[in-house]
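This is upload29.cif (mmCIF, C-alpha atoms).
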```cif
data_input
loop_
_atom_site.label_atom_id
_atom_site.label_comp_id
_atom_site.auth_asym_id
_atom_site.auth_seq_id
_atom_site.Cartn_x
_atom_site.Cartn_y
_atom_site.Cartn_z
CA LEU A 617 0.00 0.00 0.00
CA THR A 618 2.45 2.54 -1.36
CA ALA A 619 0.68 5.71 -0.20
CA ASN A 620 -2.47 6.89 1.50
CA GLN A 621 -2.23 9.96 -0.67
CA CYS A 622 -4.23 9.83 -3.87
CA THR A 623 -5.22 12.07 -6.75
CA ALA A 624 -8.87 11.30 -5.96
CA SER A 625 -11.22 11.11 -2.98
CA CYS A 626 -13.56 8.40 -4.20
CA GLY A 627 -16.70 7.89 -2.12
CA HIS A 628 -16.24 4.11 -2.02
CA CYS A 629 -12.53 4.02 -1.14
CA SER A 630 -11.86 1.14 1.25
CA MET A 631 -8.52 2.70 2.23
CA ASN A 632 -9.87 6.23 2.92
CA SER A 633 -7.25 7.67 0.55
CA SER A 634 -7.30 11.31 -0.53
CA PRO A 635 -5.08 14.16 -1.78
CA GLU A 636 -4.85 15.48 1.79
CA ARG A 637 -3.18 12.40 3.24
CA ARG A 638 0.62 12.27 3.21
CA GLU A 639 1.71 8.82 4.46
CA LYS A 640 3.82 6.94 1.92
CA LEU A 641 6.52 4.36 1.54
CA SER A 642 9.91 4.77 -0.11
CA TYR A 643 12.03 2.43 -2.19
CA PRO A 644 14.47 1.61 0.66
CA LYS A 645 11.54 0.74 2.96
CA ILE A 646 9.90 -1.49 0.37
CA ARG A 647 13.21 -3.20 -0.39
CA LYS A 648 13.88 -3.86 3.30
CA VAL A 649 10.56 -5.65 3.80
CA ILE A 650 10.92 -7.67 0.59
CA ASP A 651 14.38 -8.81 1.71
CA ASP A 652 12.99 -9.81 5.13
CA LEU A 653 10.19 -11.84 3.62
CA LEU A 654 12.39 -13.59 1.06
CA ALA A 655 14.88 -14.47 3.79
CA LYS A 656 12.02 -16.01 5.77
CA SER A 657 10.27 -17.97 3.03
CA SER A 658 10.17 -18.71 -0.68
CA ALA A 659 6.36 -18.33 -0.64
CA LEU A 660 6.45 -14.70 -1.76
CA GLY A 661 5.81 -14.68 -5.49
CA LEU A 662 3.85 -11.53 -6.35
CA VAL A 663 4.13 -7.95 -5.13
CA ILE A 664 1.14 -5.71 -5.81
CA PHE A 665 1.67 -1.95 -5.71
CA ALA A 666 -1.61 -0.33 -4.67
CA GLY A 667 -2.57 2.65 -2.54
CA GLY A 668 -3.76 5.42 -2.70
CA GLU A 669 -2.16 6.18 -6.02
CA PRO A 670 1.18 4.35 -6.37
CA THR A 671 2.54 6.49 -9.19
CA LEU A 672 2.87 9.38 -6.70
CA LEU A 673 6.02 7.56 -5.52
CA LYS A 674 7.58 8.43 -8.90
CA GLN A 675 11.11 7.01 -9.25
CA ASP A 676 10.80 5.06 -5.99
CA LEU A 677 7.99 3.05 -7.55
CA LEU A 678 10.04 2.26 -10.64
CA ASP A 679 13.02 1.27 -8.51
CA ALA A 680 10.85 -0.98 -6.35
CA ILE A 681 9.35 -2.69 -9.40
CA ALA A 682 12.82 -3.27 -10.85
CA TYR A 683 14.10 -4.65 -7.54
CA CYS A 684 11.22 -7.13 -7.36
CA GLY A 685 12.05 -8.33 -10.84
CA ALA A 686 15.70 -8.74 -9.89
CA ARG A 687 14.63 -10.91 -6.95
CA GLY A 688 12.46 -13.10 -9.19
CA LEU A 689 9.12 -11.65 -8.11
CA LYS A 690 6.16 -10.83 -10.34
CA THR A 691 4.67 -7.33 -10.02
CA ARG A 692 1.26 -5.75 -10.47
CA LEU A 693 0.28 -2.07 -10.35
CA VAL A 694 -3.21 -0.85 -9.40
CA THR A 695 -3.61 2.73 -10.61
CA ASN A 696 -6.40 5.21 -11.38
CA ALA A 697 -4.60 6.46 -14.52
CA SER A 698 -4.80 10.10 -13.43
CA TRP A 699 -1.46 10.45 -15.25
CA ALA A 700 -2.97 9.48 -18.63
CA LEU A 701 -4.22 12.97 -19.54
CA THR A 702 -3.24 12.46 -23.17
CA ARG A 703 -2.15 9.50 -25.23
CA SER A 704 1.45 10.76 -25.19
CA HIS A 705 1.40 11.11 -21.39
CA ALA A 706 0.06 7.57 -21.16
CA GLU A 707 2.68 6.20 -23.56
CA ARG A 708 5.52 7.71 -21.53
CA MET A 709 4.27 6.32 -18.23
CA VAL A 710 3.58 2.87 -19.62
CA GLN A 711 7.02 2.77 -21.24
CA SER A 712 8.65 3.67 -17.90
CA LEU A 713 6.70 0.97 -16.10
CA ARG A 714 7.54 -1.70 -18.67
CA GLU A 715 11.22 -0.72 -18.69
CA ALA A 716 11.19 -1.16 -14.91
CA GLY A 717 9.82 -4.67 -15.47
CA LEU A 718 6.16 -4.33 -14.45
CA ASP A 719 4.26 -7.54 -15.29
CA GLU A 720 0.63 -6.52 -14.89
CA ILE A 721 -1.26 -3.24 -14.84
CA ASN A 722 -4.79 -2.66 -13.50
CA PHE A 723 -6.81 0.51 -14.12
CA SER A 724 -9.61 1.48 -11.70
CA ALA A 725 -12.71 2.87 -13.40
CA ASP A 726 -16.17 3.33 -11.90
CA ASP A 727 -18.76 5.96 -10.96
CA TYR A 728 -16.78 7.01 -7.90
CA HIS A 729 -13.60 7.70 -9.86
CA LEU A 730 -15.35 9.69 -12.59
CA PRO A 731 -15.51 13.04 -10.73
CA TYR A 732 -11.71 12.94 -10.49
CA ILE A 733 -10.49 10.92 -13.47
CA PRO A 734 -12.29 11.15 -16.82
CA LEU A 735 -12.99 7.94 -18.70
CA ARG A 736 -10.76 9.17 -21.51
CA ASN A 737 -7.79 8.72 -19.15
CA ILE A 738 -8.64 5.05 -18.84
CA ALA A 739 -8.95 4.79 -22.62
CA ASN A 740 -5.57 6.51 -23.10
CA ALA A 741 -3.88 4.23 -20.56
CA TRP A 742 -5.54 1.12 -21.97
CA LYS A 743 -4.52 1.84 -25.55
CA ALA A 744 -0.99 2.73 -24.47
CA SER A 745 -0.70 -0.64 -22.71
CA LYS A 746 -1.79 -2.75 -25.66
CA GLY A 747 0.96 -4.84 -27.23
CA LYS A 748 3.59 -3.79 -24.69
CA GLY A 749 4.35 -7.25 -23.33
CA PHE A 750 2.39 -7.19 -20.05
CA ASP A 751 1.16 -10.51 -18.69
CA SER A 752 -2.23 -8.89 -18.07
CA VAL A 753 -3.91 -5.55 -18.66
CA VAL A 754 -7.07 -5.19 -16.59
CA ILE A 755 -9.77 -2.60 -16.05
CA ALA A 756 -11.16 -2.89 -12.52
CA ASN A 757 -14.79 -1.75 -12.64
CA CYS A 758 -16.58 -1.61 -9.29
CA TYR A 759 -20.32 -1.64 -9.92
CA GLY A 760 -23.65 -1.65 -8.12
CA LEU A 761 -27.34 -1.54 -8.97
CA GLU A 762 -27.27 2.23 -9.61
CA SER A 763 -23.96 2.39 -11.50
CA THR A 764 -23.78 4.36 -14.73
CA LEU A 765 -20.18 3.46 -15.65
CA THR A 766 -20.90 -0.19 -16.40
CA HIS A 767 -18.63 -2.58 -18.22
CA GLU A 768 -20.79 -2.09 -21.32
CA VAL A 769 -20.09 1.67 -21.22
CA ILE A 770 -16.38 1.01 -20.79
CA GLN A 771 -16.35 -1.39 -23.73
CA ASN A 772 -18.10 1.19 -25.89
CA GLU A 773 -15.48 3.79 -24.91
CA LEU A 774 -12.66 1.41 -25.83
CA GLY A 775 -14.36 0.17 -28.96
CA GLU A 776 -13.80 -3.49 -28.12
CA THR A 777 -15.40 -6.38 -26.29
CA LEU A 778 -13.67 -7.56 -23.13
CA PRO A 779 -14.10 -10.84 -21.26
CA VAL A 780 -15.06 -10.42 -17.60
CA PHE A 781 -13.42 -11.86 -14.50
CA TRP A 782 -16.65 -12.46 -12.52
CA ASP A 783 -19.92 -14.00 -13.66
CA ASP A 784 -23.39 -12.65 -12.82
CA ASP A 785 -23.53 -14.69 -9.60
CA GLY A 786 -20.25 -13.31 -8.27
CA TYR A 787 -18.17 -16.40 -9.05
CA HIS A 788 -15.02 -16.57 -11.15
CA ALA A 789 -15.85 -16.67 -14.85
CA PRO A 790 -13.94 -19.11 -17.09
CA PRO A 791 -10.22 -18.23 -17.32
CA VAL A 792 -9.41 -15.58 -19.90
CA PRO A 793 -6.91 -16.80 -22.50
CA ALA A 794 -4.05 -14.67 -23.71
CA ALA A 795 -4.51 -12.60 -26.86
CA PRO A 796 -2.28 -13.30 -29.89
CA ASP A 797 0.27 -10.81 -28.51
CA GLY A 798 0.62 -12.92 -25.35
CA THR A 799 -1.25 -10.56 -22.97
CA ARG A 800 -4.53 -11.27 -21.20
CA TYR A 801 -6.92 -8.34 -21.65
CA LEU A 802 -9.98 -8.34 -19.41
CA LEU A 803 -12.40 -6.43 -17.24
CA SER A 804 -12.59 -7.22 -13.54
CA ASN A 805 -16.23 -6.44 -12.75
CA ALA A 806 -16.24 -6.50 -8.94
CA ARG A 807 -19.35 -5.67 -6.94
CA LEU A 808 -19.54 -2.50 -4.87
CA GLN A 809 -18.86 -2.93 -1.14
CA ARG A 810 -19.44 -0.73 1.93
CA LEU A 811 -15.84 -0.49 3.10
CA GLY A 812 -13.83 2.43 4.44
CA ARG A 813 -15.32 5.68 3.15
CA GLY A 814 -17.96 3.61 1.39
CA ARG A 815 -19.71 2.61 4.62
CA SER A 816 -22.45 5.18 3.91
CA ILE A 817 -23.34 3.74 0.49
CA PRO A 818 -27.09 3.04 0.54
CA ASP A 819 -28.52 -0.46 0.30
CA SER A 820 -30.22 0.51 -2.95
CA ALA A 821 -26.84 0.68 -4.68
CA LEU A 822 -25.63 -2.76 -3.61
CA VAL A 823 -25.99 -6.31 -4.86
CA PHE A 824 -26.70 -8.58 -1.88
CA PRO A 825 -26.04 -12.29 -2.25
CA GLU A 826 -27.82 -14.88 -0.16
CA GLN A 827 -26.18 -14.27 3.21
CA GLN A 828 -25.25 -17.90 3.83
CA ARG A 829 -23.04 -17.71 0.75
CA LEU A 830 -20.87 -15.28 2.70
CA ASN A 831 -20.30 -17.81 5.47
CA LEU A 832 -16.92 -18.95 4.22
CA PRO A 833 -13.23 -18.54 5.08
CA CYS A 834 -11.32 -15.49 3.87
CA GLN A 835 -8.92 -16.63 1.16
CA TRP A 836 -6.52 -13.76 1.89
CA ALA A 837 -6.17 -13.72 5.68
CA LEU A 838 -3.38 -16.30 5.89
CA THR A 839 -1.86 -15.85 2.46
CA SER A 840 -1.74 -12.20 1.36
CA ALA A 841 -0.39 -9.69 3.87
CA ALA A 842 0.15 -6.02 3.05
CA LEU A 843 2.63 -3.31 3.96
CA SER A 844 0.76 -0.19 5.04
CA ALA A 845 1.82 3.26 3.86
CA GLU A 846 3.05 3.84 7.41
CA GLY A 847 5.29 0.77 7.21
CA HIS A 848 3.33 -1.78 9.25
CA LEU A 849 2.61 -5.36 8.27
CA VAL A 850 -1.18 -5.69 8.08
CA ALA A 851 -3.51 -8.58 7.33
CA CYS A 852 -4.80 -7.51 3.92
CA CYS A 853 -5.50 -4.67 1.52
CA GLY A 854 -9.31 -4.85 1.75
CA THR A 855 -9.66 -2.41 4.62
CA GLU A 856 -7.50 0.25 6.27
CA ALA A 857 -5.96 -2.07 8.85
CA HIS A 858 -3.10 0.12 10.12
CA GLY A 859 -3.43 0.59 13.87
CA ASN A 860 -6.14 -2.05 14.29
CA GLU A 861 -5.27 -4.38 17.17
CA PHE A 862 -6.43 -7.46 15.26
CA LEU A 863 -5.15 -6.70 11.76
CA ASP A 864 -1.92 -4.75 12.39
CA PHE A 865 1.07 -6.89 13.40
CA GLY A 866 3.70 -4.22 13.94
CA ASP A 867 6.31 -1.93 12.46
CA ALA A 868 7.98 -3.82 9.60
CA LEU A 869 10.54 -1.07 9.07
CA HIS A 870 12.14 -1.51 12.50
CA GLN A 871 11.40 -5.20 13.04
CA ASP A 872 11.97 -8.27 10.90
CA ALA A 873 8.93 -8.60 8.63
CA GLY A 874 9.36 -12.38 8.64
CA VAL A 875 8.94 -12.40 12.42
CA LEU A 876 5.80 -10.30 12.05
CA VAL A 877 4.41 -12.84 9.58
CA ASP A 878 4.86 -15.53 12.22
CA ARG A 879 3.03 -13.29 14.69
CA ALA A 880 0.20 -12.83 12.21
CA ASN A 881 -0.14 -16.55 11.55
CA GLN A 882 -0.33 -17.25 15.29
CA SER A 883 -3.12 -14.73 15.82
CA LEU A 884 -6.39 -16.34 16.93
CA VAL A 885 -8.40 -13.72 15.05
CA ILE A 886 -6.50 -14.31 11.81
CA GLN A 887 -6.80 -18.07 12.26
CA ALA A 888 -10.55 -17.67 12.75
CA ILE A 889 -10.95 -15.37 9.73
CA GLY A 890 -8.80 -17.58 7.51
CA ARG A 891 -10.17 -20.94 8.60
CA ALA A 892 -13.79 -20.27 9.62
CA GLY A 893 -14.48 -16.84 8.14
CA PRO A 894 -15.57 -13.37 9.30
CA MET A 895 -19.20 -14.48 9.63
CA PHE A 896 -18.08 -17.00 12.26
CA LEU A 897 -16.52 -14.15 14.27
CA MET A 898 -19.57 -11.95 13.75
CA ASN A 899 -21.88 -14.64 15.08
CA PHE A 900 -19.51 -15.28 17.99
CA VAL A 901 -19.60 -11.61 19.00
CA ALA A 902 -23.35 -11.32 18.42
CA LEU A 903 -23.97 -14.09 20.94
CA LEU A 904 -21.94 -12.18 23.52
CA SER A 905 -23.59 -8.81 22.98
CA LYS A 906 -26.77 -7.49 24.56
CA ASP A 907 -27.03 -4.96 21.74
CA SER A 908 -27.54 -5.39 18.03
CA LEU A 909 -24.11 -4.54 16.66
CA PHE A 910 -24.41 -5.68 13.08
CA ALA A 911 -26.49 -5.03 9.98
CA GLU A 912 -29.09 -7.50 8.78
CA ARG A 913 -27.23 -8.14 5.55
CA TYR A 914 -23.87 -7.58 3.90
CA SER A 915 -22.67 -7.51 0.33
CA SER A 916 -19.35 -9.33 0.84
CA VAL A 917 -17.09 -11.26 3.20
CA CYS A 918 -14.85 -8.18 3.46
CA GLU A 919 -17.81 -6.08 4.65
CA ILE A 920 -18.52 -8.54 7.44
CA CYS A 921 -14.86 -8.55 8.47
CA GLU A 922 -14.69 -4.76 8.64
CA ALA A 923 -17.97 -4.65 10.59
CA VAL A 924 -16.44 -6.89 13.26
CA VAL A 925 -12.88 -5.62 13.60
CA HIS A 926 -13.69 -1.90 13.32
CA ASN A 927 -16.72 -1.83 15.65
CA PRO A 928 -15.55 -0.61 19.11
CA GLN A 929 -18.05 -2.74 21.04
CA ALA A 930 -17.33 -5.80 18.95
CA ARG A 931 -13.59 -5.33 19.42
CA GLU A 932 -14.01 -5.03 23.19
CA LEU A 933 -16.07 -8.21 23.37
CA LEU A 934 -13.71 -10.05 21.06
CA THR A 935 -10.70 -9.08 23.16
CA GLU A 936 -12.42 -10.13 26.39
CA HIS A 937 -13.59 -13.52 25.10
CA LEU A 938 -10.91 -14.36 22.53
CA HIS A 939 -9.42 -17.05 24.76
CA GLU A 940 -12.60 -19.07 24.26
CA LEU A 941 -11.59 -19.68 20.65
CA THR A 942 -8.25 -21.22 21.57
CA PRO A 943 -9.47 -24.85 21.49
CA LEU A 944 -10.81 -24.31 17.96
CA PHE A 945 -7.86 -22.63 16.31
CA LYS A 946 -4.70 -23.67 18.15
#
```
Written as C-alpha cells, how would this file's structure read?
Amino acid sequence: LTANQCTASCGHCSMNSSPERREKLSYPKIRKVIDDLLAKSSALGLVIFAGGEPTLLKQDLLDAIAYCGARGLKTRLVTNASWALTRSHAERMVQSLREAGLDEINFSADDYHLPYIPLRNIANAWKASKGKGFDSVVIANCYGLESTLTHEVIQNELGETLPVFWDDDGYHAPPVPAAPDGTRYLLSNARLQRLGRGRSIPDSALVFPEQQRLNLPCQWALTSAALSAEGHLVACCGTEAHGNEFLDFGDALHQDAGVLVDRANQSLVIQAIGRAGPMFLMNFVALLSKDSLFAERYSSVCEICEAVVHNPQARELLTEHLHELTPLFK
C-alpha cells in the first residue's frame, strides 16, 4: 500500500485515501521488507503496488518494481490512470513501467472515480498498454445496482469487447486466455462494497447475495499480507488495517517482517478469519452482545470482516472472550 495519498477522494474508497493524506513508503523501505520476507520464506511470489495512487512515488515506484524483478518476483500495479491525460502522457508512463519490469497493470474505473479521473484517461492508458508485453492488462470496474459506468459503457469507450473476470452470480468466470500478442486483456467487474469511506453507500446501490453464501473462510487472511503506507505489516488490503489491534502486526521497518508474519499466523483472530471466516466471528460476537451490533445483511465477506474488527463494542467483546476460541484454532 504505497501511499495513503491519492489524486482522488472516491466515495467508495476502502482505504480512505485522498489528496490530503501524506503517508507513503519509499524504495528503501519497500526493499527492506521484501528482503525480510524472502529471507524467511520462498512463498512470496507476487508484489502488488496499490494505494492510494502508487505512481505518486515516482522514481521510488520504478526502482521498487525493478528490484522485485531482480529478486524473481512478479509485479502488479493498481492505478487510477490520473497520469494518462493524453495518449502521449500515457505512452511515456507505460514505457517507464515496462522498462522497470512491471508484469501486470490494472486501471480502476467506476462511478466514484469519474468526478476525479475522466474515462478518456482510462482509454488513453488502456490503448498505451496494448501490445507492450504485459502478462495482463485489466480494467477494474466496481459496480452496483445504480452504477452508470458499467462494463458495457467502458467497452463502448474502448471500442472493443472484453471478457469479464466475474460471472453474474459473483463467481469466477472461465479463465481468460491470452490474446495473440501474449497478454490477457480483461475487465474485472467486482461488486460494490461498503468499506472504508464507502460505509455510507445506501442499500439501494448494492448487490446482496444470499447471506449464507458469505459464510466462508477469507482466502486472503493467511496468504496475502500487506505493507501499510506507514510501514506496518497488516492482514490484507481490503480495509484500512493500520493501527487495528487485530489486523496490524507491527512496524515492519524496525522489526523483521518475517517475524511479524509468524506473529500474524499465530493470531487467533487471523486463524478464525482464515479458517472459519468473518461471519463466524460476527456470530460469535453477536452471541456475547446485549445490543444489536451488526447489519441484517452484507454484500461481501470483506464487509462482514470490517464490521467486526472496526466496531468498538465488537472489538471489546472479542478481546475479552478471545481465549474461548483457543481450542478451535490452536
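Across the structure, atom CA of A:Gly668 and atom CA of A:Met895 are spaced 28.0 Å apart.
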Using only C-alpha atoms, can you tell me which of A:Cys853, A:Leu811, A:Gln827, A:Lys946 comes closest to A:Ala923? A:Leu811
Quick one: what's the axis-aligned box for stretch 700-705 of chain A, all listed atoms, 3 Å on every side, centre and edges in Å to one decimal, as JSON?
```
{"center_x": -1.4, "center_y": 11.2, "center_z": -21.9, "size_x": 11.7, "size_y": 9.5, "size_z": 12.6}
```
Please expand the PyMOL selection byres ((chain A and resi 629-640) around 7) into the concrete residues it hits in this file, giving the result as a list in words.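 This file, filtered by the PyMOL selection byres ((chain A and resi 629-640) around 7), leaves Thr618, Ala619, Asn620, Gln621, Cys622, Thr623, Ala624, Ser625, Cys626, Gly627, His628, Leu641, Ser642, Gly668, Leu811, Gly812, Arg813, Gly814, Ala845, Glu846, Gly854, Thr855 and Glu856 of chain A.
Minimum distance to A:Glu768 across A:Asn805, A:Thr935, A:Asn740, A:Ser915 (counting all atoms listed in the file) occurs at A:Asn805.
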Just so the selection is clear, what residues does the PyMOL selection byres ((chain A and resi 656) around 10) cover here, as a list in words? Ile650, Asp651, Asp652, Leu653, Leu654, Ala655, Ser657, Ser658, Ala659, Leu660, Asp872, Ala873, Gly874, Val875, Val877 and Asp878 of chain A
Pull C-alpha atoms from the residues just selected and write them as a PDB file, in the coordinates of the input.
```pdb
ATOM      1  CA  ILE A 650      10.920  -7.670   0.590  1.00  0.00           C
ATOM      2  CA  ASP A 651      14.380  -8.810   1.710  1.00  0.00           C
ATOM      3  CA  ASP A 652      12.990  -9.810   5.130  1.00  0.00           C
ATOM      4  CA  LEU A 653      10.190 -11.840   3.620  1.00  0.00           C
ATOM      5  CA  LEU A 654      12.390 -13.590   1.060  1.00  0.00           C
ATOM      6  CA  ALA A 655      14.880 -14.470   3.790  1.00  0.00           C
ATOM      7  CA  SER A 657      10.270 -17.970   3.030  1.00  0.00           C
ATOM      8  CA  SER A 658      10.170 -18.710  -0.680  1.00  0.00           C
ATOM      9  CA  ALA A 659       6.360 -18.330  -0.640  1.00  0.00           C
ATOM     10  CA  LEU A 660       6.450 -14.700  -1.760  1.00  0.00           C
ATOM     11  CA  ASP A 872      11.970  -8.270  10.900  1.00  0.00           C
ATOM     12  CA  ALA A 873       8.930  -8.600   8.630  1.00  0.00           C
ATOM     13  CA  GLY A 874       9.360 -12.380   8.640  1.00  0.00           C
ATOM     14  CA  VAL A 875       8.940 -12.400  12.420  1.00  0.00           C
ATOM     15  CA  VAL A 877       4.410 -12.840   9.580  1.00  0.00           C
ATOM     16  CA  ASP A 878       4.860 -15.530  12.220  1.00  0.00           C
TER      17      ASP A 878
END
```
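For the choices A:Leu730, A:Leu843, A:Cys684, A:Ala794, the atom-to-atom distance to A:Gly667 is smallest for A:Leu843 when using only C-alpha atoms.
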